[in-house]
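Asks: Below is coords33.csv; it holds CSV, C-alpha atoms.
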```
chain,number,residue,atom,x,y,z
A,1,MET,CA,3.6,5.3,-7.9
A,2,LYS,CA,5.2,7.1,-10.8
A,3,LEU,CA,6.4,4.9,-13.6
A,4,GLN,CA,8.2,5.6,-16.8
A,5,ASP,CA,7.5,4.3,-20.3
A,6,ILE,CA,8.9,4.9,-23.7
A,7,ASP,CA,6.6,5.8,-26.6
A,8,ARG,CA,7.1,4.6,-30.2
A,9,MET,CA,9.3,7.6,-31.0
A,10,GLY,CA,11.7,6.8,-28.1
A,11,VAL,CA,10.5,9.7,-25.9
A,12,THR,CA,10.3,9.1,-22.2
A,13,LEU,CA,6.8,9.6,-20.8
A,14,GLU,CA,6.0,10.5,-17.2
A,15,MET,CA,3.4,8.0,-15.9
A,16,TYR,CA,1.5,8.8,-12.8
A,17,GLN,CA,-1.2,7.1,-10.6
A,18,ILE,CA,-4.0,9.6,-9.7
A,19,ALA,CA,-6.7,8.8,-7.2
A,20,LEU,CA,-10.1,10.6,-7.2
A,21,CYS,CA,-12.2,10.4,-4.1
A,22,ASP,CA,-15.7,11.8,-4.1
A,23,ASP,CA,-19.1,10.3,-3.0
A,24,ILE,CA,-20.9,12.0,-5.9
A,25,LYS,CA,-20.3,10.1,-9.2
A,26,SER,CA,-21.0,13.2,-11.4
A,27,GLU,CA,-18.2,15.1,-9.6
A,28,LEU,CA,-15.8,12.3,-10.2
A,29,GLU,CA,-16.6,12.5,-13.9
A,30,LYS,CA,-16.1,16.2,-14.0
A,31,ILE,CA,-12.6,15.9,-12.5
A,32,GLU,CA,-11.7,13.1,-14.9
A,33,ILE,CA,-12.7,15.2,-17.9
A,34,LEU,CA,-10.5,18.0,-16.7
A,35,LEU,CA,-7.6,15.6,-16.2
A,36,GLU,CA,-8.1,14.3,-19.7
A,37,LYS,CA,-8.0,17.8,-21.1
A,38,TYR,CA,-4.9,18.6,-19.1
A,39,GLU,CA,-3.3,15.4,-20.4
A,40,GLU,CA,-4.1,16.4,-24.0
A,41,LYS,CA,-2.3,19.7,-23.4
A,42,ASN,CA,0.8,17.9,-22.0
A,43,PRO,CA,1.6,15.1,-24.4
A,44,LEU,CA,4.6,13.8,-22.4
A,45,LEU,CA,2.5,13.5,-19.2
A,46,LYS,CA,0.3,10.3,-18.8
A,47,TYR,CA,-1.6,9.0,-15.9
A,48,LYS,CA,-3.8,6.2,-14.8
A,49,ILE,CA,-6.9,7.4,-12.9
A,50,ARG,CA,-8.7,5.4,-10.2
A,51,ARG,CA,-12.0,6.4,-8.7
A,52,PHE,CA,-13.2,5.9,-5.1
A,53,GLU,CA,-16.7,6.8,-4.0
A,54,LYS,CA,-15.9,6.2,-0.3
A,55,ALA,CA,-12.8,7.5,1.5
A,56,GLN,CA,-12.5,4.2,3.5
A,57,LEU,CA,-12.1,2.2,0.3
A,58,LEU,CA,-9.1,4.3,-0.7
A,59,ILE,CA,-7.6,4.0,2.8
A,60,ASP,CA,-8.0,0.2,2.9
A,61,LYS,CA,-6.4,-0.2,-0.5
A,62,MET,CA,-3.4,1.9,0.5
A,63,LYS,CA,-3.1,0.1,3.8
A,64,GLU,CA,-3.0,-3.2,1.9
A,65,LYS,CA,0.1,-1.7,0.2
A,66,THR,CA,-1.1,-2.6,-3.2
A,67,TYR,CA,-1.9,0.9,-4.3
A,68,LEU,CA,0.1,4.1,-3.8
A,69,PRO,CA,-1.1,7.1,-5.8
A,70,ASP,CA,1.2,10.0,-6.8
A,71,LEU,CA,-1.6,12.5,-6.4
A,72,LEU,CA,-5.0,12.4,-4.6
A,73,PHE,CA,-8.0,14.6,-5.3
A,74,MET,CA,-10.1,14.4,-2.2
A,75,ASP,CA,-13.6,15.9,-1.6
A,76,ILE,CA,-13.9,17.4,1.8
A,77,PHE,CA,-17.7,16.8,2.4
A,78,MET,CA,-18.5,13.1,2.2
A,79,THR,CA,-21.1,11.3,4.3
A,80,GLU,CA,-19.4,8.3,5.8
A,81,LYS,CA,-16.0,9.8,6.4
A,82,THR,CA,-15.0,13.3,5.5
A,83,GLY,CA,-12.0,14.0,3.3
A,84,LEU,CA,-10.2,15.8,6.1
A,85,ASP,CA,-10.6,12.8,8.4
A,86,ALA,CA,-9.4,10.5,5.7
A,87,VAL,CA,-6.3,12.5,5.0
A,88,LYS,CA,-5.5,12.8,8.7
A,89,GLU,CA,-5.7,9.1,9.0
A,90,LEU,CA,-3.4,8.6,6.0
A,91,ARG,CA,-0.9,11.0,7.5
A,92,ARG,CA,-1.0,9.2,10.9
A,93,GLU,CA,-0.2,6.0,9.0
A,94,GLY,CA,2.8,7.6,7.4
A,95,TYR,CA,1.4,8.2,3.9
A,96,ASN,CA,2.6,11.5,2.5
A,97,VAL,CA,0.7,11.4,-0.8
A,98,PRO,CA,0.2,14.9,-2.3
A,99,VAL,CA,-3.4,16.0,-1.8
A,100,ILE,CA,-5.7,18.5,-3.6
A,101,PHE,CA,-8.9,19.1,-1.6
A,102,LEU,CA,-12.1,19.8,-3.5
A,103,THR,CA,-15.1,21.5,-1.8
A,104,THR,CA,-18.0,23.8,-2.3
A,105,SER,CA,-16.9,26.1,0.5
A,106,THR,CA,-13.7,27.8,1.8
A,107,GLU,CA,-14.8,27.1,5.4
A,108,TYR,CA,-12.2,24.4,6.0
A,109,ALA,CA,-9.3,25.9,4.0
A,110,LEU,CA,-7.1,26.4,7.1
A,111,GLU,CA,-7.7,22.9,8.4
A,112,ALA,CA,-6.9,21.5,5.0
A,113,TYR,CA,-3.5,23.1,4.9
A,114,GLN,CA,-2.8,21.8,8.3
A,115,VAL,CA,-2.6,18.3,6.8
A,116,ASP,CA,-0.1,19.6,4.2
A,117,ALA,CA,-2.6,19.8,1.3
A,118,LEU,CA,-0.9,21.1,-1.9
A,119,GLN,CA,-4.0,23.0,-3.1
A,120,TYR,CA,-7.6,23.7,-2.2
A,121,LEU,CA,-10.0,24.0,-5.1
A,122,VAL,CA,-13.6,25.3,-4.8
A,123,LYS,CA,-16.3,23.8,-7.0
A,124,PRO,CA,-17.5,24.2,-9.7
A,125,LEU,CA,-14.0,23.8,-11.0
A,126,ASP,CA,-12.8,26.4,-13.5
A,127,GLN,CA,-10.6,24.9,-16.3
A,128,ASP,CA,-8.0,27.7,-16.4
A,129,ARG,CA,-7.7,27.6,-12.7
A,130,PHE,CA,-7.5,23.8,-12.7
A,131,PHE,CA,-4.7,23.8,-15.4
A,132,HIS,CA,-2.7,26.4,-13.4
A,133,VAL,CA,-2.9,24.4,-10.2
A,134,MET,CA,-1.9,21.2,-12.1
A,135,ASP,CA,1.2,23.0,-13.5
A,136,ILE,CA,2.2,24.0,-9.9
A,137,VAL,CA,1.4,20.6,-8.4
A,138,PHE,CA,3.4,18.5,-10.9
A,139,GLU,CA,6.4,20.8,-10.3
A,140,ILE,CA,6.1,20.0,-6.6
A,141,ILE,CA,5.6,16.3,-7.3
A,142,ARG,CA,8.7,16.1,-9.4
A,143,LYS,CA,10.7,17.7,-6.6
A,144,ILE,CA,9.2,15.2,-4.1
A,145,GLU,CA,10.3,12.3,-6.4
A,146,LYS,CA,13.9,13.3,-5.9
A,147,ASP,CA,13.6,12.5,-2.2
A,148,PHE,CA,12.0,9.1,-2.4
A,149,VAL,CA,11.9,5.9,-4.4
A,150,VAL,CA,9.0,3.4,-4.5
A,151,ILE,CA,10.0,-0.2,-4.2
A,152,LYS,CA,7.7,-3.2,-4.5
A,153,THR,CA,8.6,-5.6,-1.6
A,154,SER,CA,7.0,-8.8,-0.4
A,155,GLU,CA,5.0,-6.8,2.0
A,156,GLY,CA,3.7,-4.4,-0.7
A,157,LEU,CA,4.8,-1.0,-2.0
A,158,ARG,CA,7.4,0.8,0.1
A,159,GLN,CA,8.4,4.4,-0.1
A,160,ILE,CA,12.1,4.8,0.8
A,161,GLN,CA,14.5,7.8,1.0
A,162,PRO,CA,17.5,6.9,-1.2
A,163,ASP,CA,20.0,8.3,1.3
A,164,ARG,CA,18.8,5.7,3.9
A,165,ILE,CA,20.0,2.9,1.6
A,166,ILE,CA,23.6,2.1,2.4
A,167,TYR,CA,24.1,-0.6,-0.2
A,168,CYS,CA,22.3,-3.3,-2.1
A,169,GLU,CA,23.4,-6.9,-2.5
A,170,THR,CA,22.3,-9.6,-4.9
A,171,GLN,CA,21.3,-12.9,-3.5
A,172,LYS,CA,20.1,-15.3,-6.1
A,173,ASN,CA,16.8,-13.8,-7.5
A,174,TYR,CA,16.6,-11.2,-4.8
A,175,GLN,CA,18.1,-7.8,-3.9
A,176,ILE,CA,18.8,-7.1,-0.3
A,177,LEU,CA,18.6,-3.4,0.6
A,178,HIS,CA,20.8,-2.6,3.6
A,179,LEU,CA,19.5,0.3,5.6
A,180,GLU,CA,20.8,1.6,9.0
A,181,ASN,CA,18.5,-0.5,11.1
A,182,GLU,CA,16.8,-2.9,8.7
A,183,GLN,CA,17.2,-5.0,5.6
A,184,ILE,CA,14.6,-5.0,2.9
A,185,LYS,CA,14.3,-8.1,0.5
A,186,VAL,CA,13.1,-7.3,-3.0
A,187,ARG,CA,12.5,-9.8,-5.8
A,188,MET,CA,14.1,-8.2,-8.8
A,189,THR,CA,17.3,-8.3,-10.8
A,190,SER,CA,20.3,-6.1,-10.0
A,191,LYS,CA,19.7,-4.4,-13.4
A,192,GLU,CA,16.1,-3.6,-12.5
A,193,LEU,CA,17.1,-2.1,-9.2
A,194,TYR,CA,19.9,0.0,-10.7
A,195,GLU,CA,17.4,1.4,-13.2
A,196,ILE,CA,15.6,2.9,-10.2
A,197,LEU,CA,18.6,3.9,-8.0
A,198,GLY,CA,21.0,4.8,-10.9
A,199,THR,CA,19.0,8.1,-11.4
A,200,PHE,CA,20.5,9.2,-8.1
A,201,LEU,CA,24.2,10.2,-8.5
A,202,GLN,CA,25.3,8.7,-5.2
A,203,PHE,CA,24.6,5.1,-6.3
A,204,LEU,CA,27.3,3.2,-8.2
A,205,LYS,CA,27.5,-0.4,-9.2
A,206,CYS,CA,30.3,-2.5,-7.8
A,207,GLY,CA,30.7,-5.6,-9.9
A,208,SER,CA,27.6,-7.6,-10.6
A,209,SER,CA,26.5,-8.1,-7.0
A,210,TYR,CA,26.5,-4.7,-5.3
A,211,VAL,CA,25.1,-1.2,-5.7
A,212,ILE,CA,26.7,1.2,-3.2
A,213,ASN,CA,25.6,4.5,-1.9
A,214,LEU,CA,28.9,6.5,-2.1
A,215,ASN,CA,27.8,8.8,0.7
A,216,HIS,CA,28.1,5.9,3.2
A,217,ILE,CA,31.7,4.9,2.3
A,218,ILE,CA,34.1,5.6,5.2
A,219,ILE,CA,37.2,3.6,4.1
A,220,MET,CA,38.2,2.3,0.7
A,221,ASN,CA,41.4,0.3,-0.1
A,222,ARG,CA,42.6,-2.0,-2.9
A,223,GLU,CA,40.5,-4.9,-1.7
A,224,GLU,CA,37.5,-3.7,0.2
A,225,ILE,CA,35.1,-0.9,1.0
A,226,HIS,CA,34.0,-0.1,4.6
A,227,VAL,CA,30.5,1.5,4.9
A,228,ASP,CA,29.2,3.3,8.0
A,229,ASN,CA,27.0,0.5,9.2
A,230,GLY,CA,30.2,-1.6,9.9
A,231,ASP,CA,29.9,-3.9,6.8
A,232,LYS,CA,32.7,-4.6,4.4
A,233,ILE,CA,32.2,-5.0,0.6
A,234,TYR,CA,35.0,-6.7,-1.3
A,235,LEU,CA,36.0,-5.1,-4.6
A,236,PRO,CA,36.4,-7.2,-7.7
A,237,ARG,CA,40.1,-6.8,-8.8
A,238,ASN,CA,39.2,-5.9,-12.3
A,239,ARG,CA,36.9,-3.1,-11.2
A,240,VAL,CA,39.0,-1.4,-8.5
A,241,ALA,CA,40.5,1.3,-10.7
A,242,GLU,CA,37.2,2.1,-12.4
A,243,PHE,CA,35.2,2.2,-9.2
A,244,LYS,CA,37.8,4.5,-7.5
A,245,GLU,CA,37.9,6.8,-10.5
A,246,LYS,CA,34.1,7.2,-10.4
A,247,TYR,CA,34.0,7.6,-6.6
A,248,PHE,CA,36.6,10.4,-6.6
A,249,ALA,CA,34.8,12.1,-9.6
A,250,PHE,CA,31.6,12.0,-7.5
A,251,TYR,CA,33.4,13.2,-4.4
A,252,PHE,CA,35.1,16.2,-6.0
A,253,ASP,CA,32.0,17.2,-8.1
A,254,LYS,CA,30.0,17.1,-4.9
A,255,SER,CA,32.4,19.3,-3.0
```
Could you render the structure as structure tokens?

Replies:
Amino acid sequence: MKLQDIDRMGVTLEMYQIALCDDIKSELEKIEILLEKYEEKNPLLKYKIRRFEKAQLLIDKMKEKTYLPDLLFMDIFMTEKTGLDAVKELRREGYNVPVIFLTTSTEYALEAYQVDALQYLVKPLDQDRFFHVMDIVFEIIRKIEKDFVVIKTSEGLRQIQPDRIIYCETQKNYQILHLENEQIKVRMTSKELYEILGTFLQFLKCGSSYVINLNHIIIMNREEIHVDNGDKIYLPRNRVAEFKEKYFAFYFDKS
């Protein structure tokens, strides 16, 4: 799950979770050394690395919904469960984590790409090749991030497409995310949620209790907003003019 942090100079750092899965400890160390060198070369890029010597340990941790890496390095040839089988299982469970396969042979390259692997690297890893692949992969990951947000719910980490969120409503210490066919309850403040959703232009605060996806508005008058799941949201009188101004600015900029 990508996080953001601010360094002492006020610069925004990109913080990523990276999982390494290989049943040979020395190979894990080699990958980690290369990642550290790549991080030194890219000072605004930071990540937390987590090692797994068995694929099943990684799968179990992700199924517990307590861990969701932004990038997975997966060795193909492992004894108890192959990397290919592990990624196939993750895909069946709905986990679309970006994967780089590592192997000593190109024998399974085609099968690796059939599970939507981003890259396929042959050992021993060459630093220049590794750095080039990482440049490509992080460009892809940044594009993927525009399509999803990661929210920590009572059931664990949840990956959600922003456009599926119709609106969000504050209820005491919780935020209720209203989607088309479900509601997701999240323990956080409205401010914390808006820090996540506010990076997407279609989300706009409506008073202190609502965050609305402007793409789901079907009717708006002086008192209320009708969204396409049939709900009505009442506009605070002192915010009507401001909200309408921002809505129409969004609407015409989009068109």

Asks: Any idea what's packed within 8 Å of A:Pro69, counting all atoms listed in the file, ignoring anything in its chain fewer than 3 positions away? Could you give it as an mmCIF file with C-alpha atoms, keeping the file's coordinate frame?

Replies:
```
data_model
loop_
_atom_site.group_PDB
_atom_site.id
_atom_site.type_symbol
_atom_site.label_atom_id
_atom_site.label_comp_id
_atom_site.auth_asym_id
_atom_site.auth_seq_id
_atom_site.Cartn_x
_atom_site.Cartn_y
_atom_site.Cartn_z
ATOM 1 C CA MET A 1 3.600 5.300 -7.900
ATOM 2 C CA TYR A 16 1.500 8.800 -12.800
ATOM 3 C CA GLN A 17 -1.200 7.100 -10.600
ATOM 4 C CA ILE A 18 -4.000 9.600 -9.700
ATOM 5 C CA ALA A 19 -6.700 8.800 -7.200
ATOM 6 C CA LEU A 72 -5.000 12.400 -4.600
ATOM 7 C CA VAL A 97 0.700 11.400 -0.800
#
```

Asks: For A:Asp126, which residue out of A:Asn42, A:Asp228, A:Lys244, A:Lys30 is the nearest one, using only C-alpha atoms?

Replies: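 For A:Asp126, the nearest of the candidates is A:Lys30.
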
Asks: Take atom CA of A:Phe138 and atom CA of A:Asn213 and report the distance between them in Å, one decimal.

Replies: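 Between atom CA of A:Phe138 and atom CA of A:Asn213 the gap is 27.7 Å.
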
Asks: Looking at all atoms listed in the file, which of A:Asp60, A:Glu36, A:Glu182, A:Asp116 is the one that sits closest to A:Met134?

Replies: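 Looking at the shortest contact to A:Met134, the residue is A:Glu36.
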
Asks: Distance atom CA of A:Asp231-atom CA of A:Val149, one decimal place?

Replies: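 Taking atom CA of A:Asp231 and atom CA of A:Val149, their separation equals 23.4 Å.
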
Asks: Hey, can you check how far atom CA of A:Asp163 sits from atom CA of A:Arg91?

Replies: 22.0 Å

Asks: Find, counting all atoms listed in the file, the residue in A:Lys54, A:Lys63, A:Arg237, A:His132 that gets nearest to A:Leu34.

Replies: A:His132

Asks: Do a neighbour search on stretch 173-175 of chain A at 7 Å with all atoms listed in the file, toss out local chain neighbours closer than 2 positions, and write the hits as a ChimeraX atom specification.

Replies: /A:168-171,177,185-190

Asks: Kindly provide, as a PyMOL selection string, the polymer residues lying within 9 Å of (-13.0, 4.1, -2.3), counting all atoms listed in the file and using the coordinates exactly as they appear in the file.

Replies: chain A and resi 20-23+51-61

Asks: Quick one: which stretch 89-168 of chain A residues come within 10 Å of stretch 192-208 of chain A, and what is the nearest atom pair for each with the distance in Å to one decimal, counting only C-alpha atoms, rows ordered by chain and ascending number, as JSON lines?

Replies:
```
{"residue": "A:Lys146", "atom": "CA", "partner": "A:Phe200", "partner_atom": "CA", "distance": 8.1}
{"residue": "A:Asp147", "atom": "CA", "partner": "A:Phe200", "partner_atom": "CA", "distance": 9.7}
{"residue": "A:Val149", "atom": "CA", "partner": "A:Ile196", "partner_atom": "CA", "distance": 7.5}
{"residue": "A:Val150", "atom": "CA", "partner": "A:Ile196", "partner_atom": "CA", "distance": 8.7}
{"residue": "A:Ile151", "atom": "CA", "partner": "A:Ile196", "partner_atom": "CA", "distance": 8.8}
{"residue": "A:Pro162", "atom": "CA", "partner": "A:Leu197", "partner_atom": "CA", "distance": 7.5}
{"residue": "A:Asp163", "atom": "CA", "partner": "A:Gln202", "partner_atom": "CA", "distance": 8.4}
{"residue": "A:Ile165", "atom": "CA", "partner": "A:Phe203", "partner_atom": "CA", "distance": 9.4}
{"residue": "A:Ile166", "atom": "CA", "partner": "A:Phe203", "partner_atom": "CA", "distance": 9.3}
{"residue": "A:Tyr167", "atom": "CA", "partner": "A:Phe203", "partner_atom": "CA", "distance": 8.4}
{"residue": "A:Cys168", "atom": "CA", "partner": "A:Leu193", "partner_atom": "CA", "distance": 8.9}
```

Asks: Got a sec: who's within 12 Å of A:Ile100, counting only C-alpha atoms, leaving out chain neighbours fewer than 2 positions off, as a VMD selection string?

Replies: chain A and resid 18 to 21 31 70 to 76 83 to 84 87 97 to 98 102 to 103 109 112 to 113 115 to 122 130 133 to 134 136 to 138

Asks: Find, counting only C-alpha atoms, the residue in A:Lys123, A:Lys143, A:Arg92, A:Lys81 that gets nearest to A:Leu28.

Replies: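 Of A:Lys123, A:Lys143, A:Arg92, A:Lys81, the one nearest A:Leu28, counting only C-alpha atoms, is A:Lys123.
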
Asks: Which one is closest to A:Phe131: A:Glu180, A:Glu27, A:Glu242, A:Glu39? Count only C-alpha atoms.

Replies: A:Glu39

Asks: Taking into account only C-alpha atoms, which residue in the set A:Asn229, A:Gln114, A:Thr66, A:Asn221 is nearest to A:Phe243?

Replies: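 Distance minimum relative to A:Phe243 lands on A:Asn221.
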
Asks: Starting from the sparse input, extend stretch 91-116 of chain A to N, CA, C and O atoms and give the output as an mmCIF file, in the coordinates of the input.

Replies:
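rebuild.cif was written with the following content:
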```cif
data_model
loop_
_atom_site.group_PDB
_atom_site.id
_atom_site.type_symbol
_atom_site.label_atom_id
_atom_site.label_comp_id
_atom_site.auth_asym_id
_atom_site.auth_seq_id
_atom_site.Cartn_x
_atom_site.Cartn_y
_atom_site.Cartn_z
ATOM 1 N N ARG A 91 -2.140 10.406 6.999
ATOM 2 C CA ARG A 91 -0.900 11.000 7.500
ATOM 3 C C ARG A 91 -0.448 10.315 8.794
ATOM 4 O O ARG A 91 0.759 10.107 8.975
ATOM 5 N N ARG A 92 -1.378 9.929 9.656
ATOM 6 C CA ARG A 92 -1.000 9.200 10.900
ATOM 7 C C ARG A 92 -0.350 7.852 10.526
ATOM 8 O O ARG A 92 0.523 7.367 11.254
ATOM 9 N N GLU A 93 -0.779 7.261 9.427
ATOM 10 C CA GLU A 93 -0.200 6.000 9.000
ATOM 11 C C GLU A 93 1.082 6.144 8.222
ATOM 12 O O GLU A 93 1.691 5.161 7.792
ATOM 13 N N GLY A 94 1.508 7.378 8.038
ATOM 14 C CA GLY A 94 2.800 7.600 7.400
ATOM 15 C C GLY A 94 2.716 7.831 5.885
ATOM 16 O O GLY A 94 3.753 7.893 5.221
ATOM 17 N N TYR A 95 1.521 7.995 5.318
ATOM 18 C CA TYR A 95 1.400 8.200 3.900
ATOM 19 C C TYR A 95 1.423 9.702 3.582
ATOM 20 O O TYR A 95 0.575 10.464 4.042
ATOM 21 N N ASN A 96 2.408 10.106 2.801
ATOM 22 C CA ASN A 96 2.600 11.500 2.500
ATOM 23 C C ASN A 96 2.172 11.861 1.074
ATOM 24 O O ASN A 96 2.722 12.760 0.453
ATOM 25 N N VAL A 97 1.190 11.120 0.559
ATOM 26 C CA VAL A 97 0.700 11.400 -0.800
ATOM 27 C C VAL A 97 0.262 12.816 -0.948
ATOM 28 O O VAL A 97 -0.441 13.345 -0.091
ATOM 29 N N PRO A 98 0.672 13.494 -2.028
ATOM 30 C CA PRO A 98 0.200 14.900 -2.300
ATOM 31 C C PRO A 98 -1.305 14.913 -2.455
ATOM 32 O O PRO A 98 -1.871 14.079 -3.154
ATOM 33 N N VAL A 99 -1.954 15.906 -1.820
ATOM 34 C CA VAL A 99 -3.400 16.000 -1.800
ATOM 35 C C VAL A 99 -3.894 17.330 -2.342
ATOM 36 O O VAL A 99 -3.355 18.380 -1.978
ATOM 37 N N ILE A 100 -4.918 17.285 -3.202
ATOM 38 C CA ILE A 100 -5.700 18.500 -3.600
ATOM 39 C C ILE A 100 -7.081 18.296 -3.050
ATOM 40 O O ILE A 100 -7.774 17.348 -3.415
ATOM 41 N N PHE A 101 -7.505 19.183 -2.162
ATOM 42 C CA PHE A 101 -8.900 19.100 -1.600
ATOM 43 C C PHE A 101 -9.845 19.810 -2.541
ATOM 44 O O PHE A 101 -9.543 20.859 -3.129
ATOM 45 N N LEU A 102 -11.031 19.223 -2.664
ATOM 46 C CA LEU A 102 -12.100 19.800 -3.500
ATOM 47 C C LEU A 102 -13.299 20.054 -2.523
ATOM 48 O O LEU A 102 -13.621 19.225 -1.672
ATOM 49 N N THR A 103 -13.952 21.208 -2.698
ATOM 50 C CA THR A 103 -15.100 21.500 -1.800
ATOM 51 C C THR A 103 -15.933 22.613 -2.426
ATOM 52 O O THR A 103 -15.547 23.259 -3.408
ATOM 53 N N THR A 104 -17.110 22.776 -1.874
ATOM 54 C CA THR A 104 -18.000 23.800 -2.300
ATOM 55 C C THR A 104 -17.880 25.079 -1.451
ATOM 56 O O THR A 104 -18.538 26.084 -1.701
ATOM 57 N N SER A 105 -17.042 25.023 -0.428
ATOM 58 C CA SER A 105 -16.900 26.100 0.500
ATOM 59 C C SER A 105 -15.464 26.290 0.949
ATOM 60 O O SER A 105 -14.700 25.327 0.967
ATOM 61 N N THR A 106 -15.082 27.503 1.307
ATOM 62 C CA THR A 106 -13.700 27.800 1.800
ATOM 63 C C THR A 106 -13.652 27.633 3.328
ATOM 64 O O THR A 106 -12.637 27.945 3.939
ATOM 65 N N GLU A 107 -14.718 27.135 3.936
ATOM 66 C CA GLU A 107 -14.800 27.100 5.400
ATOM 67 C C GLU A 107 -13.683 26.314 6.049
ATOM 68 O O GLU A 107 -13.212 26.662 7.131
ATOM 69 N N TYR A 108 -13.218 25.240 5.386
ATOM 70 C CA TYR A 108 -12.200 24.400 6.000
ATOM 71 C C TYR A 108 -10.820 24.543 5.385
ATOM 72 O O TYR A 108 -9.980 23.671 5.517
ATOM 73 N N ALA A 109 -10.609 25.664 4.731
ATOM 74 C CA ALA A 109 -9.300 25.900 4.000
ATOM 75 C C ALA A 109 -8.141 25.781 4.975
ATOM 76 O O ALA A 109 -7.142 25.121 4.681
ATOM 77 N N LEU A 110 -8.226 26.446 6.112
ATOM 78 C CA LEU A 110 -7.100 26.400 7.100
ATOM 79 C C LEU A 110 -6.811 25.036 7.555
ATOM 80 O O LEU A 110 -5.652 24.607 7.596
ATOM 81 N N GLU A 111 -7.855 24.291 7.916
ATOM 82 C CA GLU A 111 -7.700 22.900 8.400
ATOM 83 C C GLU A 111 -7.081 22.028 7.325
ATOM 84 O O GLU A 111 -6.291 21.135 7.610
ATOM 85 N N ALA A 112 -7.468 22.295 6.075
ATOM 86 C CA ALA A 112 -6.900 21.500 5.000
ATOM 87 C C ALA A 112 -5.443 21.674 4.839
ATOM 88 O O ALA A 112 -4.701 20.703 4.637
ATOM 89 N N TYR A 113 -4.964 22.884 4.977
ATOM 90 C CA TYR A 113 -3.500 23.100 4.900
ATOM 91 C C TYR A 113 -2.747 22.592 6.058
ATOM 92 O O TYR A 113 -1.542 22.364 5.980
ATOM 93 N N GLN A 114 -3.437 22.377 7.171
ATOM 94 C CA GLN A 114 -2.800 21.800 8.300
ATOM 95 C C GLN A 114 -2.391 20.353 8.164
ATOM 96 O O GLN A 114 -1.602 19.805 8.932
ATOM 97 N N VAL A 115 -2.977 19.694 7.158
ATOM 98 C CA VAL A 115 -2.600 18.300 6.800
ATOM 99 C C VAL A 115 -1.712 18.303 5.574
ATOM 100 O O VAL A 115 -1.642 17.314 4.864
ATOM 101 N N ASP A 116 -1.073 19.450 5.299
ATOM 102 C CA ASP A 116 -0.100 19.600 4.200
ATOM 103 C C ASP A 116 -0.752 19.331 2.830
ATOM 104 O O ASP A 116 -0.170 18.671 1.962
#
```
